[in-house]
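K.L.:
The structure file input.txt (compact mmCIF, C-alpha atoms and all ligand atoms) is provided below.
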```txt
# COMPACT_ATOMS: atom_id res chain seq x y z
CA MET S 1 59.83 161.93 121.47
CA ASN S 2 63.22 162.24 119.82
CA ASN S 3 65.45 165.29 119.39
CA THR S 4 64.30 165.96 115.83
CA ASP S 5 60.59 165.90 116.66
CA LEU S 6 61.07 168.04 119.74
CA SER S 7 63.03 170.53 117.67
CA THR S 8 60.19 170.77 115.14
CA ARG S 9 57.69 171.41 117.92
CA SER S 10 59.96 173.92 119.65
CA ARG S 11 60.66 175.85 116.46
CA ALA S 12 56.95 176.33 115.95
CA ALA S 13 56.36 177.45 119.55
CA LEU S 14 59.51 179.43 120.43
CA PRO S 15 61.48 181.89 118.25
CA GLY S 16 64.32 179.78 116.86
CA GLY S 17 63.07 176.92 119.03
CA VAL S 18 65.01 178.17 122.05
CA SER S 19 64.81 180.29 125.23
CA HIS S 20 68.43 181.53 124.99
CA GLU S 21 70.06 182.37 121.67
CA LEU S 22 73.19 180.33 122.44
CA ARG S 23 71.11 177.14 122.71
CA TYR S 24 70.29 177.35 119.01
CA ARG S 25 72.01 174.61 117.07
CA THR S 26 71.76 173.12 113.57
CA PRO S 27 70.40 170.73 112.54
CA HIS S 28 68.76 170.70 116.00
CA PRO S 29 69.73 170.99 119.68
CA VAL S 30 69.89 167.95 121.91
CA PHE S 31 67.03 167.93 124.40
CA ILE S 32 68.30 166.92 127.81
CA ASP S 33 66.18 164.64 129.94
CA HIS S 34 68.22 164.38 133.13
CA ALA S 35 71.67 164.98 134.56
CA LYS S 36 73.77 163.72 137.46
CA GLY S 37 77.26 164.72 138.59
CA ALA S 38 79.23 165.64 135.45
CA GLU S 39 77.05 163.68 133.02
CA LYS S 40 73.70 164.22 131.33
CA TRP S 41 71.40 162.17 129.11
CA ASP S 42 69.22 163.32 126.23
CA VAL S 43 65.66 162.26 125.43
CA GLU S 44 67.02 159.49 123.20
CA GLY S 45 69.08 158.05 126.06
CA ARG S 46 72.45 159.28 124.76
CA ARG S 47 74.94 160.17 127.47
CA TYR S 48 77.19 163.26 127.43
CA ILE S 49 80.14 164.26 129.58
CA ASP S 50 79.14 167.78 130.48
CA PHE S 51 81.51 170.75 130.23
CA LYS S 52 78.68 173.28 130.05
CA MET S 53 77.47 172.48 133.55
CA GLY S 54 74.39 174.67 133.47
CA SER S 55 76.25 177.57 131.84
CA ALA S 56 78.80 177.36 134.68
CA SER S 57 76.16 177.31 137.43
CA GLN S 58 76.53 173.68 138.59
CA MET S 59 79.92 173.96 140.27
CA LEU S 60 79.19 171.10 142.66
CA GLY S 61 77.87 168.83 139.89
CA HIS S 62 74.32 168.18 138.70
CA CYS S 63 71.83 167.14 141.38
CA HIS S 64 74.23 167.36 144.30
CA PRO S 65 72.43 165.47 147.11
CA ALA S 66 72.75 168.32 149.64
CA ILE S 67 71.21 170.80 147.21
CA VAL S 68 68.43 168.46 146.09
CA GLU S 69 67.53 167.75 149.71
CA ALA S 70 67.51 171.45 150.62
CA ILE S 71 65.21 172.24 147.68
CA GLN S 72 62.86 169.37 148.52
CA LYS S 73 62.61 170.37 152.19
CA GLN S 74 62.00 174.02 151.35
CA ALA S 75 59.43 173.20 148.65
CA GLU S 76 57.35 171.43 151.30
CA ARG S 77 57.51 174.46 153.63
CA SER S 78 56.91 177.23 151.07
CA VAL S 79 57.92 177.58 147.45
CA PHE S 80 57.52 181.33 147.58
CA SER S 81 55.68 183.90 149.64
CA ALA S 82 57.48 187.14 148.76
CA ASP S 83 58.40 187.75 152.41
CA CYS S 84 61.61 188.12 154.35
CA HIS S 85 62.95 184.81 155.66
CA ALA S 86 65.88 183.51 157.67
CA ALA S 87 67.88 181.86 154.89
CA GLU S 88 68.23 185.19 153.07
CA ALA S 89 70.25 186.62 155.95
CA THR S 90 72.37 183.46 156.29
CA TRP S 91 73.07 183.50 152.58
CA ALA S 92 74.08 187.19 152.59
CA GLU S 93 76.31 186.58 155.63
CA TRP S 94 78.16 183.88 153.67
CA VAL S 95 78.74 186.23 150.74
CA ASN S 96 79.84 189.08 153.01
CA HIS S 97 82.22 186.71 154.78
CA LEU S 98 83.80 185.29 151.61
CA TYR S 99 84.04 188.35 149.30
CA PRO S 100 86.62 190.98 150.29
CA SER S 101 84.54 193.73 148.63
CA ALA S 102 81.29 192.67 150.33
CA GLU S 103 79.99 194.56 153.33
CA ARG S 104 76.37 194.18 152.19
CA THR S 105 74.69 191.92 149.64
CA ARG S 106 71.43 192.33 147.71
CA PHE S 107 69.94 189.40 145.77
CA THR S 108 68.53 189.61 142.25
CA ALA S 109 66.73 187.17 139.95
CA SER S 110 69.57 186.76 137.41
CA GLY S 111 73.12 187.77 136.56
CA THR S 112 71.84 190.27 134.03
CA GLU S 113 69.80 191.93 136.75
CA ALA S 114 72.89 191.99 138.97
CA THR S 115 74.98 193.97 136.46
CA MET S 116 71.99 196.22 135.73
CA LEU S 117 71.67 197.00 139.44
CA ALA S 118 75.43 197.44 139.93
CA LEU S 119 75.56 199.97 137.09
CA ARG S 120 72.61 201.84 138.59
CA LEU S 121 74.39 201.96 141.94
CA GLY S 122 77.60 203.14 140.27
CA ARG S 123 75.73 205.92 138.52
CA ALA S 124 73.85 206.91 141.65
CA TRP S 125 76.99 206.99 143.79
CA SER S 126 79.12 208.87 141.25
CA GLY S 127 76.31 211.11 140.04
CA LYS S 128 77.55 210.39 136.49
CA ASP S 129 75.67 208.59 133.74
CA HIS S 130 78.60 207.49 131.58
CA VAL S 131 80.13 204.02 132.01
CA LEU S 132 83.41 202.54 130.79
CA ARG S 133 83.54 198.85 129.91
CA ILE S 134 86.16 196.58 128.37
CA ASP S 135 86.02 195.42 124.77
CA GLY S 136 84.39 192.01 124.48
CA HIS S 137 83.65 191.50 128.16
CA PHE S 138 80.22 190.01 128.76
CA HIS S 139 77.84 191.43 131.36
CA GLY S 140 74.44 189.99 130.42
CA TRP S 141 71.88 191.12 127.91
CA HIS S 142 70.27 194.33 129.23
CA ASP S 143 70.39 197.58 127.27
CA HIS S 144 73.49 198.94 129.03
CA ALA S 145 75.54 195.75 128.56
CA LEU S 146 75.56 195.12 124.83
CA LYS S 147 77.61 197.93 123.33
CA GLY S 148 81.15 196.51 123.14
CA ALA S 149 80.05 192.98 124.07
CA MET S 150 81.32 191.68 120.74
CA PRO S 151 85.09 192.24 120.67
CA GLY S 152 86.33 194.65 118.07
CA SER S 153 82.91 196.26 117.57
CA ASP S 154 81.81 199.36 119.39
CA ARG S 155 78.20 198.84 118.33
CA ALA S 156 75.56 197.18 120.50
CA SER S 157 75.24 193.50 119.64
CA SER S 158 71.45 193.78 119.43
CA LEU S 159 68.82 195.76 117.65
CA GLY S 160 66.32 197.63 119.80
CA ILE S 161 68.74 199.50 122.05
CA PRO S 162 68.31 203.28 121.96
CA ASP S 163 71.27 205.32 120.67
CA ALA S 164 70.82 207.49 123.75
CA VAL S 165 71.77 204.47 125.90
CA ASN S 166 74.68 203.40 123.69
CA ASP S 167 76.03 206.95 123.80
CA LEU S 168 76.54 206.56 127.56
CA ILE S 169 78.76 203.50 127.19
CA HIS S 170 82.48 203.87 126.41
CA VAL S 171 84.48 200.84 125.29
CA CYS S 172 88.20 200.40 125.89
CA SER S 173 90.82 197.66 125.53
CA PRO S 174 92.10 196.19 128.81
CA ASP S 175 95.15 198.43 128.52
CA PRO S 176 95.62 200.54 131.68
CA GLN S 177 97.04 203.48 129.69
CA ALA S 178 94.08 203.45 127.31
CA MET S 179 91.74 203.31 130.28
CA GLU S 180 93.54 206.17 131.97
CA ALA S 181 93.20 208.30 128.84
CA ILE S 182 89.46 207.59 128.47
CA LEU S 183 88.84 208.28 132.16
CA GLN S 184 90.01 211.85 131.55
CA ASP S 185 86.41 212.25 130.36
CA ALA S 186 84.82 213.61 133.53
CA ARG S 187 81.38 212.31 132.51
CA ILE S 188 82.44 208.72 133.31
CA GLY S 189 81.71 207.61 136.88
CA THR S 190 81.65 203.79 136.68
CA VAL S 191 83.93 201.08 135.26
CA ILE S 192 82.85 197.46 134.84
CA VAL S 193 85.28 194.59 134.16
CA GLU S 194 84.75 190.84 133.70
CA ALA S 195 87.17 189.59 136.34
CA SER S 196 88.42 186.66 134.23
CA GLY S 197 88.97 188.64 131.04
CA ALA S 198 86.48 188.48 128.16
CA ASN S 199 84.16 185.49 128.07
CA TYR S 200 85.38 183.79 131.23
CA GLY S 201 89.00 184.12 130.21
CA CYS S 202 88.76 183.22 126.52
CA VAL S 203 90.66 186.49 126.20
CA PRO S 204 92.82 186.19 129.32
CA LEU S 205 93.39 189.07 131.73
CA ALA S 206 96.64 188.62 133.65
CA THR S 207 96.64 189.41 137.35
CA GLU S 208 99.07 192.31 137.00
CA ASN S 209 96.88 193.70 134.19
CA LEU S 210 93.72 193.50 136.31
CA ARG S 211 95.59 195.12 139.19
CA ALA S 212 96.75 197.95 136.93
CA LEU S 213 93.16 198.53 135.71
CA HIS S 214 92.03 198.59 139.34
CA ASP S 215 94.72 201.13 140.21
CA VAL S 216 93.78 203.38 137.28
CA ALA S 217 90.09 203.28 138.26
CA ARG S 218 90.97 204.01 141.90
CA ALA S 219 93.12 206.98 140.90
CA ALA S 220 90.27 208.34 138.76
CA GLY S 221 87.84 208.01 141.68
CA VAL S 222 85.24 206.06 139.68
CA VAL S 223 83.11 203.21 141.03
CA LEU S 224 84.79 199.93 140.04
CA ILE S 225 82.60 196.86 139.46
CA PHE S 226 84.01 193.35 139.05
CA ASP S 227 81.65 191.03 137.23
CA GLU S 228 82.41 187.74 139.01
CA ILE S 229 79.35 185.95 137.68
CA ILE S 230 81.59 183.19 136.35
CA THR S 231 84.68 183.55 138.55
CA GLY S 232 82.72 183.89 141.81
CA PHE S 233 83.04 180.72 143.96
CA ARG S 234 84.97 179.18 141.05
CA TRP S 235 88.40 180.80 140.96
CA SER S 236 88.33 180.61 144.74
CA PRO S 237 85.56 180.63 147.37
CA GLY S 238 85.92 184.44 147.31
CA GLY S 239 86.26 184.62 143.52
CA ARG S 240 89.10 186.28 141.70
CA GLN S 241 89.21 189.19 144.12
CA ALA S 242 90.06 186.93 147.08
CA ARG S 243 92.45 184.79 145.05
CA ASP S 244 94.45 187.74 143.74
CA GLY S 245 93.80 190.33 146.44
CA ILE S 246 92.32 192.91 144.05
CA VAL S 247 89.21 194.46 145.57
CA PRO S 248 86.56 196.42 143.63
CA ASP S 249 83.82 198.65 145.07
CA LEU S 250 80.99 196.42 143.86
CA THR S 251 80.83 192.79 142.72
CA THR S 252 78.20 191.00 140.67
CA LEU S 253 77.59 187.30 141.28
CA ALA S 254 75.22 184.69 139.80
CA LYS S 255 75.30 181.04 138.70
CA THR S 256 77.28 179.45 141.58
CA VAL S 257 76.20 181.93 144.29
CA THR S 258 72.68 180.46 144.13
CA GLY S 259 73.75 176.84 144.42
CA GLY S 260 72.85 176.59 140.75
CA LEU S 261 69.28 177.91 140.83
CA PRO S 262 68.09 181.05 139.01
CA GLY S 263 69.29 184.24 140.65
CA GLY S 264 72.17 186.58 141.28
CA ALA S 265 73.60 189.10 143.71
CA VAL S 266 75.34 192.43 144.00
CA CYS S 267 77.64 192.94 146.95
CA GLY S 268 79.98 195.75 147.87
CA ARG S 269 80.90 198.68 150.04
CA ALA S 270 78.23 199.46 152.62
CA GLU S 271 78.03 203.15 151.81
CA ILE S 272 77.22 202.40 148.15
CA MET S 273 74.95 199.42 148.84
CA ASP S 274 73.06 201.42 151.44
CA LEU S 275 71.82 203.72 148.70
CA MET S 276 69.19 200.95 148.44
CA ASN S 277 68.29 201.27 152.10
CA ASN S 278 64.85 202.82 151.99
CA GLU S 279 64.98 203.76 155.65
CA THR S 280 67.27 206.52 154.44
CA GLN S 281 64.72 207.50 151.85
CA ARG S 282 61.95 207.61 154.42
CA GLU S 283 63.94 209.93 156.64
CA GLY S 284 64.33 212.18 153.65
CA LEU S 285 68.12 212.13 153.93
CA ALA S 286 68.83 211.03 150.38
CA PRO S 287 66.91 209.60 147.46
CA ALA S 288 67.30 205.82 147.42
CA VAL S 289 68.26 203.63 144.50
CA SER S 290 65.16 201.64 143.63
CA HIS S 291 65.46 197.89 143.48
CA LYS S 292 62.49 195.57 143.32
CA GLY S 293 61.93 192.09 141.85
CA THR S 294 59.32 189.56 142.95
CA PHE S 295 61.62 186.56 143.08
CA ASN S 296 64.76 188.21 144.54
CA GLY S 297 66.26 186.08 147.31
CA SER S 298 63.48 183.50 147.01
CA PRO S 299 63.42 180.86 149.78
CA LEU S 300 63.85 177.97 147.36
CA VAL S 301 66.97 179.54 145.86
CA ALA S 302 68.24 180.65 149.27
CA ALA S 303 67.81 177.10 150.59
CA ALA S 304 69.91 175.72 147.73
CA ALA S 305 72.48 178.48 148.19
CA CYS S 306 72.76 177.92 151.94
CA ALA S 307 73.31 174.21 151.30
CA ALA S 308 76.00 175.02 148.72
CA MET S 309 77.85 177.73 150.70
CA PRO S 310 79.60 175.46 153.26
CA LEU S 311 80.62 173.10 150.44
CA LEU S 312 82.00 175.98 148.39
CA ALA S 313 83.71 177.75 151.29
CA THR S 314 86.39 175.14 151.97
CA GLY S 315 88.05 175.40 148.55
CA GLU S 316 87.94 171.62 148.05
CA ALA S 317 85.34 171.79 145.27
CA GLN S 318 87.41 174.39 143.45
CA ALA S 319 90.61 172.34 143.87
CA GLN S 320 88.95 169.26 142.36
CA ALA S 321 87.46 171.24 139.45
CA ASP S 322 90.77 173.02 138.82
CA ALA S 323 92.72 169.74 138.79
CA MET S 324 90.29 168.27 136.26
CA ALA S 325 90.53 171.32 133.98
CA THR S 326 94.33 171.17 134.17
CA ARG S 327 94.17 167.48 133.21
CA MET S 328 91.88 168.40 130.31
CA ARG S 329 94.08 171.27 129.06
CA ASP S 330 97.26 169.18 129.36
CA GLY S 331 95.63 166.25 127.58
CA MET S 332 94.30 168.50 124.81
CA ASN S 333 97.73 170.07 124.26
CA LYS S 334 99.34 166.62 124.13
CA THR S 335 96.73 165.42 121.62
CA LEU S 336 97.21 168.53 119.45
CA HIS S 337 100.94 167.91 119.47
CA ASP S 338 100.64 164.16 118.79
CA LEU S 339 98.27 164.74 115.87
CA GLY S 340 100.37 167.56 114.47
CA VAL S 341 97.49 170.04 114.75
CA VAL S 342 98.65 173.59 115.47
CA GLY S 343 96.57 174.86 118.37
CA LEU S 344 96.52 175.75 122.03
CA ALA S 345 94.41 174.64 124.97
CA TYR S 346 94.58 177.30 127.67
CA GLY S 347 92.66 178.85 130.52
CA GLU S 348 92.68 179.42 134.25
CA SER S 349 91.00 177.74 137.18
CA SER S 350 88.31 175.22 136.12
CA ILE S 351 87.94 176.59 132.58
CA PHE S 352 89.51 175.47 129.31
CA HIS S 353 89.54 177.16 125.91
CA LEU S 354 90.92 176.05 122.56
CA TYR S 355 92.53 178.19 119.89
CA PHE S 356 93.33 176.78 116.46
CA GLY S 357 96.26 177.87 114.27
CA ARG S 358 98.68 179.18 116.91
CA THR S 359 100.47 177.73 119.91
CA SER S 360 100.52 181.07 121.71
CA LEU S 361 98.03 183.93 122.01
CA ASP S 362 100.82 186.53 122.22
CA GLY S 363 100.14 189.52 120.02
CA LEU S 364 96.53 188.54 119.23
CA SER S 365 93.77 191.06 119.85
CA ALA S 366 90.54 190.11 121.66
CA ALA S 367 88.76 190.22 118.31
CA GLN S 368 91.28 187.84 116.74
CA ILE S 369 91.03 185.37 119.60
CA ARG S 370 87.24 185.40 119.29
CA SER S 371 87.10 185.11 115.51
CA LEU S 372 88.03 181.53 114.67
CA PRO S 373 86.20 180.62 111.45
CA LYS S 374 82.59 179.67 112.24
CA PRO S 375 82.72 176.40 110.24
CA GLN S 376 85.81 175.33 112.19
CA VAL S 377 84.16 176.07 115.55
CA LYS S 378 81.01 174.26 114.44
CA ALA S 379 82.95 171.22 113.21
CA TYR S 380 84.77 171.07 116.53
CA ARG S 381 81.65 171.45 118.70
CA ASP S 382 79.60 169.04 116.58
CA GLY S 383 82.42 166.51 116.62
CA MET S 384 82.72 166.69 120.40
CA LEU S 385 78.96 166.31 120.81
CA GLU S 386 78.99 163.38 118.39
CA HIS S 387 81.58 161.79 120.70
CA GLY S 388 79.46 162.46 123.77
CA VAL S 389 81.14 165.65 125.00
CA ASP S 390 79.14 168.87 125.44
CA LEU S 391 80.94 172.22 125.65
CA MET S 392 79.79 175.57 127.01
CA ALA S 393 80.18 178.10 124.18
CA TYR S 394 82.60 178.81 121.33
CA THR S 395 85.48 176.36 122.00
CA SER S 396 85.28 176.62 125.78
CA GLY S 397 84.25 174.29 128.58
CA LEU S 398 84.16 174.17 132.35
CA THR S 399 84.72 171.46 134.92
CA SER S 400 82.99 170.99 138.27
CA ALA S 401 83.71 169.24 141.55
CA ALA S 402 81.98 166.17 140.07
CA HIS S 403 84.40 165.65 137.17
CA THR S 404 86.75 162.70 137.67
CA PRO S 405 90.00 161.64 135.97
CA ASP S 406 88.13 158.81 134.21
CA LEU S 407 85.59 161.22 132.73
CA ILE S 408 88.33 163.60 131.62
CA ASP S 409 90.26 160.77 129.95
CA GLU S 410 87.10 159.65 128.19
CA ALA S 411 86.47 163.22 127.02
CA LEU S 412 90.07 163.39 125.78
CA ASP S 413 89.42 160.28 123.66
CA GLY S 414 86.49 162.21 122.16
CA PHE S 415 88.77 165.19 121.59
CA CYS S 416 91.30 163.01 119.77
CA ALA S 417 88.59 161.41 117.61
CA THR S 418 87.10 164.83 116.82
CA LEU S 419 90.42 166.33 115.74
CA THR S 420 91.27 163.24 113.71
CA ALA S 421 87.99 163.54 111.83
CA MET S 422 88.55 167.27 111.30
CA ILE S 423 92.01 166.60 109.82
CA HIS S 424 90.59 164.11 107.34
CA ASP S 425 87.63 166.27 106.30
N1 LIG B 1 78.15 188.36 133.32
C1 LIG B 1 78.88 187.28 132.98
C2 LIG B 1 80.38 187.35 133.12
C3 LIG B 1 78.26 186.12 132.50
O1 LIG B 1 79.02 185.07 132.13
C4 LIG B 1 76.85 186.08 132.42
C5 LIG B 1 76.12 184.84 131.91
N2 LIG B 1 76.83 183.98 131.11
C6 LIG B 1 76.12 187.22 132.80
C7 LIG B 1 76.80 188.33 133.24
C8 LIG B 1 74.61 187.22 132.73
O2 LIG B 1 74.07 186.36 133.70
P1 LIG B 1 72.62 185.73 133.44
O3 LIG B 1 72.72 184.81 132.27
O4 LIG B 1 72.28 185.03 134.74
O5 LIG B 1 71.68 186.85 133.18
```
As a first step, turn the structure in this file into structure tokens.

P.N.:
Amino acid sequence: MNNTDLSTRSRAALPGGVSHELRYRTPHPVFIDHAKGAEKWDVEGRRYIDFKMGSASQMLGHCHPAIVEAIQKQAERSVFSADCHAAEATWAEWVNHLYPSAERTRFTASGTEATMLALRLGRAWSGKDHVLRIDGHFHGWHDHALKGAMPGSDRASSLGIPDAVNDLIHVCSPDPQAMEAILQDARIGTVIVEASGANYGCVPLATENLRALHDVARAAGVVLIFDEIITGFRWSPGGRQARDGIVPDLTTLAKTVTGGLPGGAVCGRAEIMDLMNNETQREGLAPAVSHKGTFNGSPLVAAAACAAMPLLATGEAQAQADAMATRMRDGMNKTLHDLGVVGLAYGESSIFHLYFGRTSLDGLSAAQIRSLPKPQVKAYRDGMLEHGVDLMAYTSGLTSAAHTPDLIDEALDGFCATLTAMIHD
């Protein structure tokens, strides 16, 4: 079957033909058949250099042999039994060792579940229902995460969310003074921040800015959550918090923490995490925070994670991915300059973003950075795909430990061809 036929079938069977709204694409998505390293192939045999990398989950590259072997071995022993098992403890020990904020870790079945649980813990610990979040930062798709997820809009970016929930969520720019003013509201007990800045750094958050937000939250005595679902194991083995020495109370992880399988984690201060310890509840000392979930910490995922942890802990994977993203950003900026296109490739760590029409983001709001004209973004993404380069979302992409200089240079040829076509359109 080809991409067009599969799209017709999928559209009839799935709303919009997809399982995730960002996979929707006109005239149709490409249907991927298999992937290896930093490349993937669609059902028609076309090859793509991948800068989506499983929505940032495949930090070590697609089908890393150590992870594939761990999954195969575990699948023969037990796919899932819903019991405690040894790898769960090993996995949590790795997280507790690598993350400065982590004294305990609890596994979830997705990143969305991780932020949902972290907010529940924040509310339970503080005894306050109201939450402060930053304009445009992304924390998954549950009811408490969508007000303020679209920069510049303080409405929830979905229908079906009760006003009573939205009323509990306060949205603020990443300006420490603005945050300080809003935290005067004594009903707020929890602050959540995407550690990279909005959308994995599309709207950057400088280290001194993040530190100032941390200090304001500390002074206000609220529970501070860093969402490191993208930055975790990517910006450093211990995420942004270890790289920059800025430590929150709670951290949410997903994508890389699982070795690239479905799942997530919340880690943090023992006294907050232990609100989930139901021994306490049984002794009648305090009501526990409830957390269930059939597939949490599943042995298959834990096996993949335990295979990935030693490879992620050395920092070598991150260094390779970072070097490749730097090569990509530098090459993109050179191409923009050579073609006389006004624009900027930017980003931190193993992530690159592109902004058209300016060579600096200074003075732009989050909403402005995120509001390039849709036809321009589509022309860019379609052009890159046409030249065998797949991006993550908007104008952004990510590298992995499997990207090589040759692949980056080939992708840069695609970038040059895409821009050239856009100029002449
Ligand atoms: N937080 C951030 C920063 C994310 O990037 C994502 C996913 N892109 C999530 C939360 C939600 O994770 P998941 O898709 O696993 O539910």

K.L.:
Using only C-alpha atoms and all ligand atoms, which residues of the polymer chains come no farther than 8 Å from ligand LIG 1 (chain B)? I'd like the answer as a VMD selection string.

P.N.:
chain S and resid 55 to 56 109 to 115 137 to 141 194 to 195 198 to 200 227 to 231 252 254 to 255 262 to 264

K.L.:
Could you give me, as a PyMOL selection string, the residues within 12 Å of Gly16 in chain S, counting all atoms listed in the file and dropping anything in the same chain fewer than 4 positions from it?

P.N.:
chain S and resi 7-12+20-29

K.L.:
Choose the residue, out of S:Glu39, S:Glu180, S:Glu386, S:Glu279, that has the smallest atom-to-atom separation from Ala219 in chain S; count all atoms listed in the file.

P.N.:
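So, comparing all the options, the nearest one is S:Glu180.
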
K.L.:
In Å, rounded to a single decimal, give me how far CA of Tyr99 in chain S is from CA of His403 in chain S.

P.N.:
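Between these atoms lies a distance of 25.7 Å.
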
K.L.:
What does the distance between CA of Gly259 in chain S and CA of Trp94 in chain S come to in Å, to one decimal place?

P.N.:
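Spanning CA of Gly259 in chain S to CA of Trp94 in chain S is a straight-line distance of 12.4 Å.
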